[in-house]
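Visitor: Sharing my_file.cif, mmCIF, N, CA and C atoms:
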```cif
data_upload
loop_
_atom_site.label_atom_id
_atom_site.label_comp_id
_atom_site.auth_asym_id
_atom_site.auth_seq_id
_atom_site.Cartn_x
_atom_site.Cartn_y
_atom_site.Cartn_z
N MET L 358 82.59 112.71 86.68
CA MET L 358 81.76 111.56 86.39
C MET L 358 81.75 111.36 84.87
N TYR L 359 81.86 110.13 84.48
CA TYR L 359 81.88 109.78 83.07
C TYR L 359 80.71 108.86 82.77
N GLY L 360 80.08 109.05 81.63
CA GLY L 360 78.99 108.21 81.19
C GLY L 360 79.48 107.21 80.16
N PRO L 361 78.60 106.32 79.69
CA PRO L 361 78.98 105.28 78.73
C PRO L 361 79.60 105.84 77.44
N LEU L 362 79.16 106.99 76.99
CA LEU L 362 79.70 107.55 75.75
C LEU L 362 81.07 108.19 75.95
N ASP L 363 81.45 108.45 77.20
CA ASP L 363 82.74 109.06 77.49
C ASP L 363 83.85 108.03 77.67
N MET L 364 83.52 106.76 77.73
CA MET L 364 84.51 105.74 78.05
C MET L 364 85.65 105.69 77.04
N VAL L 365 85.36 105.84 75.76
CA VAL L 365 86.41 105.77 74.75
C VAL L 365 87.42 106.91 74.91
N THR L 366 86.97 108.05 75.39
CA THR L 366 87.88 109.18 75.58
C THR L 366 88.84 108.93 76.74
N LEU L 367 88.59 107.90 77.53
CA LEU L 367 89.47 107.57 78.65
C LEU L 367 90.54 106.55 78.29
N SER L 368 90.76 106.27 77.01
CA SER L 368 91.75 105.26 76.64
C SER L 368 93.16 105.73 77.00
N ASN L 369 93.94 104.79 77.52
CA ASN L 369 95.34 105.03 77.92
C ASN L 369 95.49 106.16 78.94
N GLU L 370 94.59 106.23 79.88
CA GLU L 370 94.66 107.23 80.96
C GLU L 370 95.09 106.55 82.26
N LYS L 371 95.81 107.27 83.10
CA LYS L 371 96.18 106.77 84.42
C LYS L 371 95.02 106.98 85.38
N VAL L 372 94.71 105.94 86.17
CA VAL L 372 93.61 105.99 87.13
C VAL L 372 94.14 105.55 88.49
N ASP L 373 93.97 106.40 89.50
CA ASP L 373 94.36 106.04 90.87
C ASP L 373 93.21 105.30 91.54
N VAL L 374 93.54 104.20 92.21
CA VAL L 374 92.54 103.36 92.87
C VAL L 374 92.64 103.57 94.38
N HIS L 375 91.50 103.90 95.01
CA HIS L 375 91.42 104.11 96.46
C HIS L 375 90.33 103.21 97.02
N ILE L 376 90.57 102.65 98.21
CA ILE L 376 89.59 101.77 98.87
C ILE L 376 89.46 102.18 100.33
N VAL L 377 88.23 102.14 100.85
CA VAL L 377 88.02 102.35 102.29
C VAL L 377 88.26 101.01 102.96
N THR L 378 89.37 100.92 103.71
CA THR L 378 89.73 99.65 104.34
C THR L 378 89.17 99.50 105.74
N ASP L 379 88.85 100.61 106.39
CA ASP L 379 88.28 100.58 107.75
C ASP L 379 87.00 101.41 107.74
N GLN L 380 85.86 100.73 107.78
CA GLN L 380 84.56 101.40 107.70
C GLN L 380 84.32 102.35 108.87
N SER L 381 84.95 102.11 110.02
CA SER L 381 84.67 102.95 111.20
C SER L 381 85.24 104.37 111.04
N ILE L 382 86.32 104.52 110.30
CA ILE L 382 86.90 105.85 110.13
C ILE L 382 86.68 106.42 108.73
N ARG L 383 86.18 105.60 107.81
CA ARG L 383 85.85 106.02 106.44
C ARG L 383 86.98 106.80 105.77
N GLN L 384 88.20 106.32 105.92
CA GLN L 384 89.35 106.98 105.31
C GLN L 384 89.76 106.22 104.06
N TRP L 385 89.94 106.95 102.95
CA TRP L 385 90.32 106.34 101.68
C TRP L 385 91.82 106.04 101.70
N GLN L 386 92.16 104.81 101.30
CA GLN L 386 93.56 104.39 101.23
C GLN L 386 93.94 104.19 99.76
N TYR L 387 95.03 104.82 99.35
CA TYR L 387 95.54 104.66 97.99
C TYR L 387 96.08 103.25 97.83
N MET L 388 95.64 102.55 96.77
CA MET L 388 96.07 101.17 96.54
C MET L 388 97.04 101.05 95.37
N GLY L 389 96.96 101.97 94.42
CA GLY L 389 97.86 101.90 93.28
C GLY L 389 97.27 102.63 92.09
N THR L 390 97.97 102.55 90.97
CA THR L 390 97.56 103.20 89.73
C THR L 390 97.47 102.16 88.63
N ALA L 391 96.47 102.31 87.77
CA ALA L 391 96.29 101.44 86.62
C ALA L 391 96.11 102.31 85.38
N ILE L 392 96.30 101.71 84.21
CA ILE L 392 96.11 102.42 82.94
C ILE L 392 94.94 101.80 82.20
N THR L 393 94.05 102.65 81.70
CA THR L 393 92.87 102.16 81.00
C THR L 393 93.24 101.57 79.65
N ASP L 394 92.40 100.65 79.16
CA ASP L 394 92.63 100.05 77.84
C ASP L 394 92.02 100.94 76.76
N LYS L 395 91.98 100.46 75.53
CA LYS L 395 91.49 101.28 74.42
C LYS L 395 90.00 101.57 74.51
N SER L 396 89.29 100.83 75.37
CA SER L 396 87.86 101.06 75.58
C SER L 396 87.57 101.91 76.81
N GLY L 397 88.61 102.33 77.50
CA GLY L 397 88.44 103.15 78.69
C GLY L 397 88.18 102.34 79.95
N ARG L 398 88.40 101.04 79.88
CA ARG L 398 88.20 100.17 81.05
C ARG L 398 89.52 99.93 81.75
N VAL L 399 89.42 99.62 83.03
CA VAL L 399 90.64 99.38 83.81
C VAL L 399 90.50 98.05 84.55
N ASN L 400 91.63 97.35 84.65
CA ASN L 400 91.70 96.11 85.41
C ASN L 400 92.78 96.33 86.47
N PHE L 401 92.41 96.15 87.74
CA PHE L 401 93.35 96.41 88.83
C PHE L 401 93.33 95.26 89.80
N GLN L 402 94.51 94.77 90.14
CA GLN L 402 94.63 93.72 91.14
C GLN L 402 95.30 94.31 92.37
N VAL L 403 94.68 94.13 93.52
CA VAL L 403 95.24 94.65 94.77
C VAL L 403 96.57 93.95 95.03
N PRO L 404 97.64 94.74 95.28
CA PRO L 404 98.94 94.13 95.56
C PRO L 404 98.89 93.18 96.75
N ALA L 405 99.70 92.15 96.70
CA ALA L 405 99.69 91.10 97.73
C ALA L 405 99.89 91.65 99.14
N ASP L 406 100.74 92.67 99.28
CA ASP L 406 101.01 93.22 100.61
C ASP L 406 99.89 94.13 101.13
N GLN L 407 98.87 94.40 100.29
CA GLN L 407 97.74 95.24 100.70
C GLN L 407 96.41 94.48 100.65
N ARG L 408 96.46 93.16 100.53
CA ARG L 408 95.24 92.37 100.45
C ARG L 408 94.38 92.56 101.69
N LEU L 409 93.08 92.51 101.48
CA LEU L 409 92.11 92.74 102.54
C LEU L 409 91.33 91.47 102.83
N PRO L 410 90.77 91.34 104.03
CA PRO L 410 89.90 90.19 104.32
C PRO L 410 88.68 90.22 103.40
N GLN L 411 88.08 89.08 103.23
CA GLN L 411 86.88 88.99 102.40
C GLN L 411 85.81 89.94 102.92
N GLY L 412 85.14 90.64 102.00
CA GLY L 412 84.10 91.58 102.39
C GLY L 412 83.79 92.55 101.27
N LEU L 413 82.94 93.51 101.58
CA LEU L 413 82.58 94.55 100.62
C LEU L 413 83.27 95.85 101.02
N TYR L 414 83.89 96.50 100.04
CA TYR L 414 84.64 97.71 100.30
C TYR L 414 84.27 98.77 99.27
N PRO L 415 84.06 100.02 99.70
CA PRO L 415 83.85 101.09 98.73
C PRO L 415 85.15 101.32 97.94
N VAL L 416 85.01 101.50 96.64
CA VAL L 416 86.15 101.74 95.76
C VAL L 416 85.93 103.05 95.01
N LYS L 417 86.99 103.85 94.91
CA LYS L 417 86.92 105.11 94.17
C LYS L 417 88.10 105.12 93.20
N MET L 418 87.81 105.42 91.93
CA MET L 418 88.86 105.53 90.92
C MET L 418 88.88 106.95 90.40
N ILE L 419 90.05 107.55 90.42
CA ILE L 419 90.20 108.95 90.03
C ILE L 419 91.13 109.04 88.84
N VAL L 420 90.63 109.64 87.75
CA VAL L 420 91.45 109.84 86.56
C VAL L 420 92.42 110.98 86.81
N ARG L 421 93.68 110.72 86.54
CA ARG L 421 94.70 111.77 86.69
C ARG L 421 94.63 112.69 85.49
N HIS L 422 94.60 113.97 85.76
CA HIS L 422 94.64 114.97 84.69
C HIS L 422 96.00 115.66 84.76
N VAL L 423 96.77 115.48 83.74
CA VAL L 423 98.13 116.04 83.72
C VAL L 423 98.18 117.23 82.80
#
```
Using the file provided, produce a representation of the structure as structure tokens.
Guide:
Amino acid sequence: MYGPLDMVTLSNEKVDVHIVTDQSIRQWQYMGTAITDKSGRVNFQVPADQRLPQGLYPVKMIVRHV
């Protein structure tokens, strides 16, 4: 878990994006990887072939530690 003061330390880090696509089985599906900007923020667009119907979905982002 990272707090507001830790965000800058996350600059240029790889982040894996996972989404629960089926609430009945609560299984996390890997959607892709994004790289954080200089402020530690990430912008991720779901690939066209993995688009989901309109709704609310749990999202989990995991920083890769190499």
Visitor: Which residues come within 7 Å of stretch 385-397 of chain L, counting only N, CA and C atoms, excluding same-chain residues fewer than 5 positions away, as a ChimeraX atom specification?
Guide: /L:363-378,403-404
Visitor: Tell me, in Å to one decimal, how far atom CA of L:Gln402 is from atom CA of L:Tyr414.
Guide: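 So the two atoms, atom CA of L:Gln402 and atom CA of L:Tyr414, lie 14.1 Å apart.
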Visitor: Enclose the full set of atoms of stretch 402-414 of chain L listed in the file within a box whose edges lie along x, y and z, apply 6 Å of padding to each of the six sides, and report centre and edge lengths in Å to one decimal as lines of an AutoDock Vina configuration file.
Guide:
```
center_x = 91.8
center_y = 93.9
center_z = 97.2
size_x = 30.4
size_y = 21.8
size_z = 26.2
```
Visitor: When you draw a straight line from atom CA of L:Arg398 to atom C of L:Leu413, how long is it in Å?
Guide: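 Separation between atom CA of L:Arg398 and atom C of L:Leu413: 21.0 Å.
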Visitor: Run DSSP on the backbone and tell me which residues of stretch 366-415 of chain L come out as strand (DSSP E); list them as number ranges by chain.
Guide: L: 371-377, 385-392
Visitor: Enumerate the residues of stretch 359-415 of chain L with a DSSP assignment of helix (DSSP H, G or I), computed from the backbone, and present them as a PDB file with N, CA and C atoms, in the coordinates of the input.
Guide:
```
ATOM      1  N   PRO L 361      78.600 106.320  79.690  1.00  0.00           N
ATOM      2  CA  PRO L 361      78.980 105.280  78.730  1.00  0.00           C
ATOM      3  C   PRO L 361      79.600 105.840  77.440  1.00  0.00           C
ATOM      4  N   LEU L 362      79.160 106.990  76.990  1.00  0.00           N
ATOM      5  CA  LEU L 362      79.700 107.550  75.750  1.00  0.00           C
ATOM      6  C   LEU L 362      81.070 108.190  75.950  1.00  0.00           C
ATOM      7  N   ASP L 363      81.450 108.450  77.200  1.00  0.00           N
ATOM      8  CA  ASP L 363      82.740 109.060  77.490  1.00  0.00           C
ATOM      9  C   ASP L 363      83.850 108.030  77.670  1.00  0.00           C
ATOM     10  N   MET L 364      83.520 106.760  77.730  1.00  0.00           N
ATOM     11  CA  MET L 364      84.510 105.740  78.050  1.00  0.00           C
ATOM     12  C   MET L 364      85.650 105.690  77.040  1.00  0.00           C
ATOM     13  N   VAL L 365      85.360 105.840  75.760  1.00  0.00           N
ATOM     14  CA  VAL L 365      86.410 105.770  74.750  1.00  0.00           C
ATOM     15  C   VAL L 365      87.420 106.910  74.910  1.00  0.00           C
ATOM     16  N   THR L 366      86.970 108.050  75.390  1.00  0.00           N
ATOM     17  CA  THR L 366      87.880 109.180  75.580  1.00  0.00           C
ATOM     18  C   THR L 366      88.840 108.930  76.740  1.00  0.00           C
ATOM     19  N   LEU L 367      88.590 107.900  77.530  1.00  0.00           N
ATOM     20  CA  LEU L 367      89.470 107.570  78.650  1.00  0.00           C
ATOM     21  C   LEU L 367      90.540 106.550  78.290  1.00  0.00           C
ATOM     22  N   ALA L 405      99.700  92.150  96.700  1.00  0.00           N
ATOM     23  CA  ALA L 405      99.690  91.100  97.730  1.00  0.00           C
ATOM     24  C   ALA L 405      99.890  91.650  99.140  1.00  0.00           C
ATOM     25  N   ASP L 406     100.740  92.670  99.280  1.00  0.00           N
ATOM     26  CA  ASP L 406     101.010  93.220 100.610  1.00  0.00           C
ATOM     27  C   ASP L 406      99.890  94.130 101.130  1.00  0.00           C
ATOM     28  N   GLN L 407      98.870  94.400 100.290  1.00  0.00           N
ATOM     29  CA  GLN L 407      97.740  95.240 100.700  1.00  0.00           C
ATOM     30  C   GLN L 407      96.410  94.480 100.650  1.00  0.00           C
TER      31      GLN L 407
END
```
Visitor: By how many Å are atom C of L:Val399 and atom N of L:Val416 apart?
Guide: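 Here the two named atoms are 13.7 Å from each other.
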Visitor: Any chance you could turn stretch 367-390 of chain L into a file with N, CA and C atoms, as a PDB file, in the first residue's frame?
Guide:
```pdb
ATOM      1  N   LEU L 367       7.162   6.207  -6.983  1.00  0.00           N
ATOM      2  CA  LEU L 367       6.645   5.255  -7.963  1.00  0.00           C
ATOM      3  C   LEU L 367       6.827   5.725  -9.401  1.00  0.00           C
ATOM      4  N   SER L 368       7.627   6.750  -9.656  1.00  0.00           N
ATOM      5  CA  SER L 368       7.789   7.249 -11.018  1.00  0.00           C
ATOM      6  C   SER L 368       8.492   6.210 -11.893  1.00  0.00           C
ATOM      7  N   ASN L 369       7.981   6.085 -13.115  1.00  0.00           N
ATOM      8  CA  ASN L 369       8.523   5.157 -14.122  1.00  0.00           C
ATOM      9  C   ASN L 369       8.556   3.703 -13.654  1.00  0.00           C
ATOM     10  N   GLU L 370       7.531   3.289 -12.951  1.00  0.00           N
ATOM     11  CA  GLU L 370       7.402   1.896 -12.497  1.00  0.00           C
ATOM     12  C   GLU L 370       6.361   1.169 -13.349  1.00  0.00           C
ATOM     13  N   LYS L 371       6.553  -0.125 -13.552  1.00  0.00           N
ATOM     14  CA  LYS L 371       5.561  -0.944 -14.248  1.00  0.00           C
ATOM     15  C   LYS L 371       4.479  -1.359 -13.260  1.00  0.00           C
ATOM     16  N   VAL L 372       3.218  -1.239 -13.694  1.00  0.00           N
ATOM     17  CA  VAL L 372       2.072  -1.582 -12.855  1.00  0.00           C
ATOM     18  C   VAL L 372       1.166  -2.526 -13.644  1.00  0.00           C
ATOM     19  N   ASP L 373       0.886  -3.695 -13.079  1.00  0.00           N
ATOM     20  CA  ASP L 373      -0.046  -4.642 -13.705  1.00  0.00           C
ATOM     21  C   ASP L 373      -1.465  -4.303 -13.270  1.00  0.00           C
ATOM     22  N   VAL L 374      -2.379  -4.287 -14.240  1.00  0.00           N
ATOM     23  CA  VAL L 374      -3.777  -3.944 -13.983  1.00  0.00           C
ATOM     24  C   VAL L 374      -4.622  -5.207 -14.058  1.00  0.00           C
ATOM     25  N   HIS L 375      -5.405  -5.462 -12.997  1.00  0.00           N
ATOM     26  CA  HIS L 375      -6.297  -6.622 -12.913  1.00  0.00           C
ATOM     27  C   HIS L 375      -7.707  -6.128 -12.617  1.00  0.00           C
ATOM     28  N   ILE L 376      -8.706  -6.780 -13.227  1.00  0.00           N
ATOM     29  CA  ILE L 376     -10.115  -6.409 -13.019  1.00  0.00           C
ATOM     30  C   ILE L 376     -10.926  -7.680 -12.781  1.00  0.00           C
ATOM     31  N   VAL L 377     -11.889  -7.603 -11.852  1.00  0.00           N
ATOM     32  CA  VAL L 377     -12.835  -8.711 -11.667  1.00  0.00           C
ATOM     33  C   VAL L 377     -13.925  -8.527 -12.710  1.00  0.00           C
ATOM     34  N   THR L 378     -13.943  -9.425 -13.703  1.00  0.00           N
ATOM     35  CA  THR L 378     -14.908  -9.297 -14.799  1.00  0.00           C
ATOM     36  C   THR L 378     -16.204 -10.047 -14.540  1.00  0.00           C
ATOM     37  N   ASP L 379     -16.162 -11.046 -13.670  1.00  0.00           N
ATOM     38  CA  ASP L 379     -17.364 -11.830 -13.339  1.00  0.00           C
ATOM     39  C   ASP L 379     -17.511 -11.841 -11.817  1.00  0.00           C
ATOM     40  N   GLN L 380     -18.469 -11.077 -11.314  1.00  0.00           N
ATOM     41  CA  GLN L 380     -18.659 -10.936  -9.870  1.00  0.00           C
ATOM     42  C   GLN L 380     -19.020 -12.256  -9.195  1.00  0.00           C
ATOM     43  N   SER L 381     -19.629 -13.196  -9.929  1.00  0.00           N
ATOM     44  CA  SER L 381     -20.072 -14.448  -9.298  1.00  0.00           C
ATOM     45  C   SER L 381     -18.897 -15.344  -8.893  1.00  0.00           C
ATOM     46  N   ILE L 382     -17.789 -15.269  -9.618  1.00  0.00           N
ATOM     47  CA  ILE L 382     -16.647 -16.111  -9.277  1.00  0.00           C
ATOM     48  C   ILE L 382     -15.496 -15.324  -8.655  1.00  0.00           C
ATOM     49  N   ARG L 383     -15.576 -13.995  -8.678  1.00  0.00           N
ATOM     50  CA  ARG L 383     -14.585 -13.103  -8.061  1.00  0.00           C
ATOM     51  C   ARG L 383     -13.149 -13.459  -8.448  1.00  0.00           C
ATOM     52  N   GLN L 384     -12.933 -13.735  -9.726  1.00  0.00           N
ATOM     53  CA  GLN L 384     -11.599 -14.071 -10.203  1.00  0.00           C
ATOM     54  C   GLN L 384     -10.995 -12.851 -10.893  1.00  0.00           C
ATOM     55  N   TRP L 385      -9.748 -12.516 -10.517  1.00  0.00           N
ATOM     56  CA  TRP L 385      -9.060 -11.367 -11.096  1.00  0.00           C
ATOM     57  C   TRP L 385      -8.524 -11.737 -12.473  1.00  0.00           C
ATOM     58  N   GLN L 386      -8.786 -10.859 -13.452  1.00  0.00           N
ATOM     59  CA  GLN L 386      -8.298 -11.070 -14.813  1.00  0.00           C
ATOM     60  C   GLN L 386      -7.246 -10.011 -15.130  1.00  0.00           C
ATOM     61  N   TYR L 387      -6.092 -10.453 -15.597  1.00  0.00           N
ATOM     62  CA  TYR L 387      -5.025  -9.538 -15.996  1.00  0.00           C
ATOM     63  C   TYR L 387      -5.452  -8.804 -17.260  1.00  0.00           C
ATOM     64  N   MET L 388      -5.358  -7.462 -17.241  1.00  0.00           N
ATOM     65  CA  MET L 388      -5.768  -6.654 -18.390  1.00  0.00           C
ATOM     66  C   MET L 388      -4.588  -6.070 -19.156  1.00  0.00           C
ATOM     67  N   GLY L 389      -3.473  -5.866 -18.473  1.00  0.00           N
ATOM     68  CA  GLY L 389      -2.311  -5.301 -19.142  1.00  0.00           C
ATOM     69  C   GLY L 389      -1.385  -4.631 -18.152  1.00  0.00           C
ATOM     70  N   THR L 390      -0.344  -4.003 -18.680  1.00  0.00           N
ATOM     71  CA  THR L 390       0.650  -3.318 -17.870  1.00  0.00           C
ATOM     72  C   THR L 390       0.762  -1.875 -18.326  1.00  0.00           C
TER      73      THR L 390
END
```
